[in-house]
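Dropping input_32.tsv in here (TSV, C-alpha atoms):
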chain	number	residue	atom	x	y	z
A	19	MET	CA	-9.25	-0.11	35.47
A	20	VAL	CA	-5.99	1.88	35.45
A	21	PRO	CA	-3.42	0.11	37.64
A	22	LYS	CA	-2.73	1.91	40.91
A	23	GLY	CA	0.66	2.63	42.46
A	24	GLY	CA	4.06	3.41	40.93
A	25	ASN	CA	4.96	6.19	38.56
A	26	ASN	CA	3.24	6.86	35.27
A	27	ASP	CA	5.79	4.79	33.34
A	28	GLU	CA	5.15	1.71	35.43
A	29	ARG	CA	1.39	2.22	35.33
A	30	LEU	CA	1.46	2.59	31.56
A	31	ASP	CA	3.41	-0.66	31.28
A	32	ALA	CA	0.81	-2.34	33.50
A	33	LEU	CA	-1.94	-0.90	31.34
A	34	PHE	CA	-0.32	-2.31	28.21
A	35	ARG	CA	-0.12	-5.72	29.90
A	36	ALA	CA	-3.80	-5.45	30.83
A	37	TYR	CA	-4.56	-4.54	27.22
A	38	ARG	CA	-2.66	-7.64	26.04
A	39	GLU	CA	-4.82	-9.78	28.33
A	40	ALA	CA	-7.99	-7.97	27.28
A	41	CYS	CA	-7.27	-8.80	23.63
A	42	PRO	CA	-6.51	-12.52	23.43
A	43	ASP	CA	-5.75	-14.18	20.08
A	44	PRO	CA	-9.17	-14.90	18.55
A	45	ASP	CA	-10.02	-18.03	16.60
A	46	ALA	CA	-10.73	-17.73	12.93
A	47	THR	CA	-14.24	-18.41	11.69
A	48	ALA	CA	-15.00	-21.35	9.41
A	49	ASN	CA	-15.13	-18.99	6.45
A	50	PHE	CA	-11.60	-17.73	6.86
A	51	MET	CA	-9.84	-20.11	4.47
A	52	PRO	CA	-12.56	-20.29	1.77
A	53	VAL	CA	-12.80	-16.48	1.66
A	54	LEU	CA	-9.01	-16.17	1.58
A	55	TRP	CA	-8.78	-18.51	-1.43
A	56	GLN	CA	-11.63	-16.69	-3.14
A	57	ARG	CA	-9.73	-13.43	-2.73
A	58	ILE	CA	-6.51	-15.02	-4.01
A	59	GLU	CA	-8.30	-16.39	-7.08
A	60	ALA	CA	-10.04	-13.08	-7.73
A	61	ARG	CA	-6.70	-11.27	-7.59
A	62	GLN	CA	-5.12	-13.89	-9.87
A	63	THR	CA	-7.93	-13.51	-12.41
A	64	TYR	CA	-7.54	-9.75	-12.33
A	65	ALA	CA	-3.76	-9.99	-12.67
A	66	PHE	CA	-4.14	-12.50	-15.53
A	67	SER	CA	-6.57	-10.34	-17.50
A	68	PHE	CA	-4.40	-7.29	-16.86
A	69	ARG	CA	-1.33	-9.17	-18.12
A	70	ARG	CA	-3.25	-10.34	-21.18
A	71	MET	CA	-4.41	-6.80	-21.90
A	72	ALA	CA	-0.90	-5.44	-21.42
A	73	GLY	CA	0.43	-8.19	-23.73
A	74	ALA	CA	-2.11	-7.33	-26.41
A	75	PHE	CA	-1.23	-3.67	-26.11
A	76	VAL	CA	2.49	-4.39	-26.47
A	77	THR	CA	1.86	-6.61	-29.53
A	78	ALA	CA	-0.29	-3.92	-31.14
A	79	ALA	CA	2.32	-1.25	-30.43
A	80	LEU	CA	5.04	-3.48	-31.90
A	81	ALA	CA	3.00	-4.19	-35.03
A	82	LEU	CA	2.31	-0.50	-35.47
A	83	SER	CA	6.01	0.31	-35.10
A	84	VAL	CA	6.98	-2.28	-37.71
A	85	ALA	CA	4.31	-1.01	-40.12
A	86	LEU	CA	5.45	2.56	-39.62
A	87	GLY	CA	9.09	1.54	-40.11
A	88	VAL	CA	8.28	-0.21	-43.38
A	89	TYR	CA	6.23	2.76	-44.57
A	90	MET	CA	9.08	5.16	-43.82
A	91	ALA	CA	11.72	2.91	-45.40
A	92	VAL	CA	10.02	2.49	-48.80
A	93	PRO	CA	11.11	5.33	-51.15
A	94	ARG	CA	8.13	7.28	-52.25
A	95	THR	CA	7.87	8.16	-55.98
A	96	GLN	CA	5.56	11.00	-56.79
A	97	PRO	CA	5.24	11.38	-60.59
A	98	ASN	CA	3.06	14.44	-60.50
A	99	SER	CA	4.83	16.17	-57.71
A	100	PRO	CA	6.10	19.72	-58.37
A	101	GLN	CA	9.75	20.10	-59.30
A	102	ALA	CA	12.24	22.06	-57.39
A	103	TYR	CA	11.38	25.70	-56.78
A	104	ILE	CA	13.97	26.99	-59.25
A	105	GLU	CA	12.70	24.68	-61.99
A	106	ALA	CA	9.14	25.74	-61.40
A	107	LEU	CA	10.21	29.40	-61.52
A	108	SER	CA	12.10	28.98	-64.75
A	109	GLU	CA	9.10	27.33	-66.35
A	110	GLU	CA	6.91	30.25	-65.44
A	111	GLN	CA	9.53	32.78	-66.64
A	112	PRO	CA	11.10	31.53	-69.88
A	113	LEU	CA	14.56	32.78	-70.92
A	114	ASP	CA	13.32	34.85	-73.86
A	115	ALA	CA	11.32	37.08	-71.59
A	116	PRO	CA	12.90	40.52	-70.81
A	117	ASP	CA	15.19	40.28	-67.92
A	118	ILE	CA	14.31	42.66	-65.15
A	119	VAL	CA	17.80	42.71	-63.75
A	120	GLY	CA	19.63	42.63	-67.09
A	121	PRO	CA	22.97	44.44	-67.59
A	122	VAL	CA	22.77	48.24	-67.86
A	123	SER	CA	24.27	49.72	-71.04
A	124	LEU	CA	25.53	53.29	-70.96
A	125	ASP	CA	25.59	55.31	-74.15
A	126	LEU	CA	28.66	57.55	-73.83
A	127	SER	CA	28.81	58.78	-77.46
A	128	ASP	CA	27.06	62.11	-76.73
A	129	ALA	CA	29.24	62.91	-73.84
A	130	ALA	CA	32.38	62.29	-75.91
A	131	SER	CA	31.27	64.63	-78.80
A	132	HIS	CA	30.71	67.56	-76.36
B	3	MET	CA	9.46	-20.48	13.63
B	4	LEU	CA	6.15	-22.28	13.45
B	5	VAL	CA	6.94	-23.85	10.07
B	6	ASP	CA	10.10	-25.31	8.56
B	7	PHE	CA	12.06	-23.83	5.68
B	8	GLU	CA	11.14	-26.66	3.34
B	9	LEU	CA	7.46	-25.79	3.64
B	10	ILE	CA	8.19	-22.16	2.79
B	11	LYS	CA	10.26	-23.20	-0.21
B	12	ARG	CA	7.44	-25.46	-1.41
B	13	ALA	CA	4.95	-22.60	-1.05
B	14	GLN	CA	7.34	-20.33	-2.98
B	15	LYS	CA	7.23	-22.82	-5.84
B	16	GLY	CA	3.42	-22.51	-5.94
B	17	ASP	CA	2.41	-25.46	-3.78
B	18	SER	CA	-1.07	-24.49	-2.54
B	19	ALA	CA	-1.12	-27.16	0.16
B	20	ALA	CA	2.13	-25.81	1.60
B	21	PHE	CA	0.74	-22.29	1.58
B	22	ASN	CA	-2.39	-23.56	3.33
B	23	GLU	CA	-0.23	-25.11	6.05
B	24	ILE	CA	1.62	-21.84	6.57
B	25	VAL	CA	-1.65	-19.93	6.90
B	26	LEU	CA	-3.00	-22.46	9.37
B	27	ALA	CA	0.19	-22.28	11.44
B	28	TYR	CA	0.29	-18.47	11.66
B	29	ARG	CA	-3.40	-17.60	11.43
B	30	LYS	CA	-4.14	-17.38	15.15
B	31	ARG	CA	-1.00	-15.38	15.91
B	32	ILE	CA	-1.67	-12.91	13.10
B	33	LEU	CA	-5.33	-12.56	14.08
B	34	GLY	CA	-4.21	-11.76	17.65
B	35	LYS	CA	-1.71	-9.15	16.53
B	36	ILE	CA	-4.24	-7.48	14.26
B	37	THR	CA	-6.87	-7.52	17.03
B	38	ARG	CA	-4.53	-5.52	19.24
B	39	LEU	CA	-3.24	-3.28	16.47
B	40	ILE	CA	-6.54	-2.10	15.00
B	41	ALA	CA	-8.91	-2.52	17.98
B	42	ARG	CA	-11.89	-3.33	15.76
B	43	PRO	CA	-12.90	-6.99	16.16
B	44	GLU	CA	-15.31	-6.91	13.21
B	45	ASP	CA	-12.50	-6.05	10.78
B	46	VAL	CA	-9.83	-8.42	12.10
B	47	GLU	CA	-10.49	-11.32	9.71
B	48	ASP	CA	-10.63	-9.03	6.72
B	49	VAL	CA	-7.24	-7.50	7.56
B	50	ALA	CA	-5.74	-10.92	8.33
B	51	GLN	CA	-6.91	-12.21	4.95
B	52	GLU	CA	-5.29	-9.18	3.35
B	53	VAL	CA	-2.02	-10.08	5.11
B	54	PHE	CA	-2.07	-13.64	3.78
B	55	LEU	CA	-3.15	-12.42	0.36
B	56	ARG	CA	-0.10	-10.13	0.24
B	57	LEU	CA	2.02	-13.00	1.53
B	58	TYR	CA	0.79	-15.26	-1.28
B	59	PHE	CA	1.69	-12.76	-3.99
B	60	SER	CA	5.01	-11.66	-2.50
B	61	LEU	CA	6.36	-14.98	-1.29
B	62	ASP	CA	8.59	-15.33	-4.35
B	63	GLN	CA	10.40	-12.12	-3.34
B	64	LEU	CA	11.51	-13.68	-0.07
B	65	ARG	CA	15.19	-14.51	-0.62
B	66	THR	CA	15.94	-16.41	2.58
B	67	PRO	CA	13.34	-18.39	4.53
B	68	GLU	CA	15.16	-17.41	7.75
B	69	VAL	CA	13.60	-13.95	7.62
B	70	PHE	CA	10.10	-15.29	7.04
B	71	GLU	CA	8.64	-14.18	10.38
B	72	PRO	CA	9.89	-10.57	10.28
B	73	TRP	CA	8.63	-10.52	6.68
B	74	LEU	CA	5.19	-11.71	7.74
B	75	TYR	CA	5.10	-9.18	10.59
B	76	ARG	CA	6.04	-6.43	8.19
B	77	LEU	CA	3.10	-7.42	5.99
B	78	THR	CA	0.90	-7.42	9.10
B	79	VAL	CA	2.11	-3.98	10.17
B	80	ASN	CA	1.54	-2.59	6.67
B	81	ALA	CA	-1.96	-4.06	6.35
B	82	ALA	CA	-2.92	-2.77	9.82
B	83	TYR	CA	-1.53	0.65	8.96
B	84	ASP	CA	-3.51	0.78	5.69
B	85	HIS	CA	-6.64	-0.26	7.57
B	86	LEU	CA	-6.18	2.39	10.29
B	87	ARG	CA	-5.72	5.08	7.66
B	88	LYS	CA	-8.89	4.00	5.83
B	89	GLN	CA	-10.74	3.78	9.13
B	90	ARG	CA	-9.80	7.34	10.03
B	91	ARG	CA	-11.42	8.51	6.79
B	92	ARG	CA	-14.56	6.48	7.45
B	93	GLN	CA	-14.85	7.37	11.14
B	94	GLU	CA	-16.88	10.52	10.62
B	95	PHE	CA	-19.63	8.59	8.86
B	96	ARG	CA	-19.97	5.72	11.30
B	97	ILE	CA	-21.95	7.44	14.05
B	98	SER	CA	-24.04	9.52	11.72
B	99	ASP	CA	-25.11	6.32	9.92
B	100	LEU	CA	-27.08	5.19	12.99
B	101	SER	CA	-30.22	6.84	14.21
B	102	GLU	CA	-30.49	7.80	17.90
B	103	GLN	CA	-32.90	4.94	18.53
B	104	GLN	CA	-30.53	2.42	16.94
B	105	VAL	CA	-27.68	3.64	19.15
B	106	MET	CA	-29.83	3.28	22.29
B	107	MET	CA	-30.93	-0.23	21.30
B	108	ALA	CA	-27.35	-1.30	20.60
B	109	ASP	CA	-26.20	0.05	23.97
B	110	ALA	CA	-29.02	-1.75	25.80
B	111	ALA	CA	-28.29	-5.03	24.01
B	112	ALA	CA	-24.58	-4.76	24.80
B	113	GLY	CA	-25.25	-3.98	28.46
B	114	GLY	CA	-27.53	-6.98	28.76
B	115	LYS	CA	-25.26	-9.69	27.45
B	116	VAL	CA	-21.74	-8.56	28.16
B	117	GLU	CA	-20.48	-9.93	31.45
B	118	ARG	CA	-18.66	-7.90	34.05
B	119	ASP	CA	-15.17	-9.14	33.16
B	120	GLU	CA	-15.78	-8.45	29.55
B	121	GLN	CA	-16.99	-4.97	30.39
B	122	GLN	CA	-13.82	-4.38	32.34
B	123	GLN	CA	-11.73	-5.60	29.42
B	124	LYS	CA	-13.74	-3.46	27.08
B	125	LYS	CA	-12.96	-0.43	29.24
B	126	VAL	CA	-9.25	-1.26	29.16
B	127	ARG	CA	-9.37	-1.61	25.36
B	128	GLU	CA	-11.22	1.67	24.97
B	129	PHE	CA	-8.91	3.48	27.36
B	130	VAL	CA	-5.74	2.24	25.62
B	131	ASP	CA	-7.33	2.99	22.28
B	132	SER	CA	-8.05	6.57	23.34
B	133	LEU	CA	-4.47	6.97	24.61
B	134	LEU	CA	-3.08	5.68	21.34
B	135	SER	CA	-5.23	8.09	19.37
B	136	GLU	CA	-2.76	10.75	20.56
B	137	VAL	CA	-0.08	9.39	18.25
B	138	SER	CA	0.00	8.73	14.51
B	139	GLU	CA	-1.10	5.38	13.07
B	140	SER	CA	2.49	4.36	12.35
B	141	ASP	CA	3.67	5.24	15.87
B	142	ARG	CA	0.66	3.49	17.37
B	143	ILE	CA	1.60	0.30	15.54
B	144	LEU	CA	5.28	0.62	16.48
B	145	LEU	CA	4.39	1.16	20.13
B	146	MET	CA	2.00	-1.81	20.08
B	147	MET	CA	4.56	-4.09	18.50
B	148	LYS	CA	7.08	-3.15	21.18
B	149	GLU	CA	4.99	-2.72	24.33
B	150	VAL	CA	2.10	-5.11	23.78
B	151	GLU	CA	3.44	-7.71	21.34
B	152	GLY	CA	6.77	-7.71	23.15
B	153	LEU	CA	9.03	-7.60	20.09
B	154	SER	CA	12.63	-6.71	20.90
B	155	LEU	CA	14.43	-3.82	19.22
B	156	LYS	CA	16.44	-6.34	17.18
B	157	GLU	CA	13.22	-7.94	15.93
B	158	LEU	CA	11.69	-4.55	15.18
B	159	GLU	CA	14.82	-3.62	13.25
B	160	LYS	CA	14.15	-6.56	10.92
B	161	VAL	CA	10.46	-5.78	10.61
B	162	TYR	CA	10.94	-2.09	9.88
B	163	ASP	CA	14.30	-2.37	8.15
B	164	VAL	CA	15.65	0.71	9.96
B	165	ASN	CA	18.48	1.02	12.48
B	166	GLU	CA	18.02	0.61	16.19
B	167	ASN	CA	18.73	4.24	17.06
B	168	ALA	CA	16.02	5.56	14.75
B	169	LEU	CA	13.58	3.09	16.31
B	170	LYS	CA	14.56	4.13	19.82
B	171	VAL	CA	13.96	7.80	19.03
B	172	ARG	CA	10.55	7.09	17.50
B	173	LEU	CA	9.55	4.83	20.36
B	174	PHE	CA	10.67	7.34	22.95
B	175	ARG	CA	8.72	10.18	21.35
B	176	ALA	CA	5.60	8.07	20.88
B	177	ARG	CA	5.74	6.84	24.45
B	178	GLN	CA	6.21	10.38	25.75
B	179	ARG	CA	3.10	11.50	23.90
B	180	VAL	CA	1.09	8.59	25.26
B	181	LEU	CA	2.41	9.24	28.77
B	182	LYS	CA	1.35	12.86	28.49
B	183	ALA	CA	-2.14	11.81	27.41
B	184	PHE	CA	-2.19	9.24	30.22
B	185	GLY	CA	-1.32	11.93	32.77
B	186	SER	CA	-3.95	14.34	31.49
B	187	LYS	CA	-6.69	11.66	31.45
B	188	GLU	CA	-5.83	10.70	35.01
B	189	GLN	CA	-6.40	14.23	36.31
Would you mind writing the file out in structure tokens?
Amino acid sequence: MVPKGGNNDERLDALFRAYREACPDPDATANFMPVLWQRIEARQTYAFSFRRMAGAFVTAALALSVALGVYMAVPRTQPNSPQAYIEALSEEQPLDAPDIVGPVSLDLSDAASH
Amino acid sequence: MLVDFELIKRAQKGDSAAFNEIVLAYRKRILGKITRLIARPEDVEDVAQEVFLRLYFSLDQLRTPEVFEPWLYRLTVNAAYDHLRKQRRRQEFRISDLSEQQVMMADAAAGGKVERDEQQQKKVREFVDSLLSEVSESDRILLMMKEVEGLSLKELEKVYDVNENALKVRLFRARQRVLKAFGSKEQ
């Protein structure tokens, strides 16, 4: 089986040539073309449905973005919303109430008489 | 070239008849290459169909029809490589799938109908296959394309899209490994 004579390089080359002869180009079966076209069509159908799904997803994402943009752009009026913190505080603590941090008054009359 | 540029251009524009003609022109050659690359006759048609399937969907990426053949061989090399990698994963299960009796019956049937020449050729195929198992799938394919398919370094450069020196180094190393295996099997 392995060609005799020569060095290993030459014998390997001869073996490769023998391999080439041992594996001639085969003929295709009758089913080759029909099966090939079936596979092409199956891949096309898959690619088409994938493209359609991707298209639908992009459209939905776009619509959602537009809706979100509109929602964010419209100024929101909240009639019953609490006022600013300072306003809320002043409402709870009216001005006539005793001031905790009011000015300190020193009575120096006694000190002066001594 | 087995087909003219006009036919390729027509196929690129989606002409199914033109694509059919291309497949018919190259089918036998591609089947032969795959037979020698993967060494599994039962899978050859499947891999060849995969090659033409990839060709169909990538034909529009081919800029110049002049490089059609290297392009087709690149698709063939890639499909064979993918198949060999899958096959390596499956290999462990193949023998264990058959019972001992089934293996004996298959051997007896093969011995009965295969003629002497075919047996000799089968031995050559198995021997070369065992030698090539010493190198990686990619090196096996490269070595096959050079040594068995007879592609020149210039042609391989176009198929692999790498420079000649890199190819020479890879080929040399792969061949050395195969030679080493060849020497050890001879002893």
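Taking CA of Asp119 in chain B and CA of Arg42 in chain B as endpoints, the distance between them is 18.6 Å.
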* Asked: Which of these residues is nearest to chain B, using all atoms listed in the file: A:Ile104, A:Phe68, A:Pro44, A:Glu109?
  -> A:Pro44
* To do: Hey, list the chain A side of the contact with chain B: 6 Å cut-off, all atoms listed in the file, answer as an MDAnalysis selection string.
  => chainID A and resid 34 37:38 40 43:44 54
* To do: Write out as a ChimeraX atom specification the residues lying within 10 Å of Asp84 in chain B, counting only C-alpha atoms and excluding same-chain residues fewer than 6 positions away.
  => /B:49,78,139-140
All file atoms of range 12-15 of chain B boxed axis-aligned, 6 Å per side, centre plus edges, as AutoDock Vina command-line options:
--center_x 6.2 --center_y -22.9 --center_z -3.4 --size_x 14.5 --size_y 17.1 --size_z 16.8
* To do: To one decimal in Å, tell me the separation between CA of Pro67 in chain B and CA of Asp6 in chain B.
  =>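 Going from CA of Pro67 in chain B over to CA of Asp6 in chain B, I get 8.6 Å.
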Got a sec: who's within 12 Å of Glu23 in chain B, counting all atoms listed in the file, leaving out chain neighbours fewer than 3 positions off, as a compact mmCIF listing (two decimals) with C-alpha atoms, in the coordinates of the input?
# COMPACT_ATOMS: atom_id res chain seq x y z
CA MET A 51 -9.84 -20.11 4.47
CA LEU B 4 6.15 -22.28 13.45
CA VAL B 5 6.94 -23.85 10.07
CA ASP B 6 10.10 -25.31 8.56
CA GLU B 8 11.14 -26.66 3.34
CA LEU B 9 7.46 -25.79 3.64
CA ILE B 10 8.19 -22.16 2.79
CA ARG B 12 7.44 -25.46 -1.41
CA ALA B 13 4.95 -22.60 -1.05
CA ASP B 17 2.41 -25.46 -3.78
CA SER B 18 -1.07 -24.49 -2.54
CA ALA B 19 -1.12 -27.16 0.16
CA ALA B 20 2.13 -25.81 1.60
CA LEU B 26 -3.00 -22.46 9.37
CA ALA B 27 0.19 -22.28 11.44
CA TYR B 28 0.29 -18.47 11.66
CA ARG B 29 -3.40 -17.60 11.43
CA PHE B 54 -2.07 -13.64 3.78
* Give me, please, the distance in Å between CA of Gln89 in chain B and CA of Asp163 in chain B, quoted to one decimal. => 25.8 Å
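The shortest atom-to-atom distance to Ile24 in chain B, with all atoms listed in the file taken into account, belongs to B:Leu74 out of B:Val79, B:Leu74, B:Ala183, B:Ile40.
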* Pick from B:Arg179, B:Lys15, B:Lys156, B:Arg91: nearest to Leu133 in chain B, with all atoms listed in the file counted? ->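 Among the listed residues, B:Arg179 lies closest to Leu133 in chain B.
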* Using only C-alpha atoms, find the one residue out of B:Lys11, B:Arg118, B:Arg65, B:Arg142 that sits nearest to Ala82 in chain B. =>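 Selected residue with least distance to Ala82 in chain B: B:Arg142.
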* When distances are computed from only C-alpha atoms, which of B:Asp45, B:Tyr83, B:Thr66, B:Leu134 shows the smallest separation from Ala176 in chain B? ->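 Checking each candidate against Ala176 in chain B, we get B:Leu134 as the closest.
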Incomplete range 61-75 of chain A filled out to N, CA and C atoms as a PDB file, keeping the file's coordinate frame:
ATOM      1  N   ARG A  61      -7.870 -12.101  -7.274  1.00  0.00           N
ATOM      2  CA  ARG A  61      -6.700 -11.270  -7.590  1.00  0.00           C
ATOM      3  C   ARG A  61      -5.920 -11.879  -8.759  1.00  0.00           C
ATOM      4  N   GLN A  62      -5.834 -13.218  -8.769  1.00  0.00           N
ATOM      5  CA  GLN A  62      -5.120 -13.890  -9.870  1.00  0.00           C
ATOM      6  C   GLN A  62      -5.816 -13.638 -11.200  1.00  0.00           C
ATOM      7  N   THR A  63      -7.155 -13.731 -11.189  1.00  0.00           N
ATOM      8  CA  THR A  63      -7.930 -13.510 -12.410  1.00  0.00           C
ATOM      9  C   THR A  63      -7.711 -12.085 -12.911  1.00  0.00           C
ATOM     10  N   TYR A  64      -7.739 -11.159 -11.975  1.00  0.00           N
ATOM     11  CA  TYR A  64      -7.540  -9.750 -12.330  1.00  0.00           C
ATOM     12  C   TYR A  64      -6.143  -9.550 -12.918  1.00  0.00           C
ATOM     13  N   ALA A  65      -5.158 -10.152 -12.211  1.00  0.00           N
ATOM     14  CA  ALA A  65      -3.760  -9.990 -12.670  1.00  0.00           C
ATOM     15  C   ALA A  65      -3.587 -10.630 -14.045  1.00  0.00           C
ATOM     16  N   PHE A  66      -4.259 -11.796 -14.253  1.00  0.00           N
ATOM     17  CA  PHE A  66      -4.140 -12.500 -15.530  1.00  0.00           C
ATOM     18  C   PHE A  66      -4.733 -11.664 -16.661  1.00  0.00           C
ATOM     19  N   SER A  67      -5.940 -11.125 -16.423  1.00  0.00           N
ATOM     20  CA  SER A  67      -6.570 -10.340 -17.500  1.00  0.00           C
ATOM     21  C   SER A  67      -5.793  -9.045 -17.750  1.00  0.00           C
ATOM     22  N   PHE A  68      -5.208  -8.507 -16.680  1.00  0.00           N
ATOM     23  CA  PHE A  68      -4.400  -7.290 -16.860  1.00  0.00           C
ATOM     24  C   PHE A  68      -3.159  -7.604 -17.685  1.00  0.00           C
ATOM     25  N   ARG A  69      -2.533  -8.774 -17.370  1.00  0.00           N
ATOM     26  CA  ARG A  69      -1.330  -9.170 -18.120  1.00  0.00           C
ATOM     27  C   ARG A  69      -1.666  -9.404 -19.587  1.00  0.00           C
ATOM     28  N   ARG A  70      -2.847 -10.044 -19.800  1.00  0.00           N
ATOM     29  CA  ARG A  70      -3.250 -10.340 -21.180  1.00  0.00           C
ATOM     30  C   ARG A  70      -3.492  -9.044 -21.943  1.00  0.00           C
ATOM     31  N   MET A  71      -4.136  -8.088 -21.265  1.00  0.00           N
ATOM     32  CA  MET A  71      -4.410  -6.800 -21.900  1.00  0.00           C
ATOM     33  C   MET A  71      -3.112  -6.068 -22.206  1.00  0.00           C
ATOM     34  N   ALA A  72      -2.204  -6.115 -21.233  1.00  0.00           N
ATOM     35  CA  ALA A  72      -0.900  -5.440 -21.420  1.00  0.00           C
ATOM     36  C   ALA A  72      -0.145  -6.103 -22.566  1.00  0.00           C
ATOM     37  N   GLY A  73      -0.229  -7.437 -22.652  1.00  0.00           N
ATOM     38  CA  GLY A  73       0.430  -8.190 -23.730  1.00  0.00           C
ATOM     39  C   GLY A  73      -0.121  -7.798 -25.086  1.00  0.00           C
ATOM     40  N   ALA A  74      -1.450  -7.710 -25.146  1.00  0.00           N
ATOM     41  CA  ALA A  74      -2.110  -7.330 -26.410  1.00  0.00           C
ATOM     42  C   ALA A  74      -1.699  -5.919 -26.813  1.00  0.00           C
ATOM     43  N   PHE A  75      -1.615  -5.059 -25.840  1.00  0.00           N
ATOM     44  CA  PHE A  75      -1.230  -3.670 -26.110  1.00  0.00           C
ATOM     45  C   PHE A  75       0.199  -3.603 -26.646  1.00  0.00           C
TER      46      PHE A  75
END
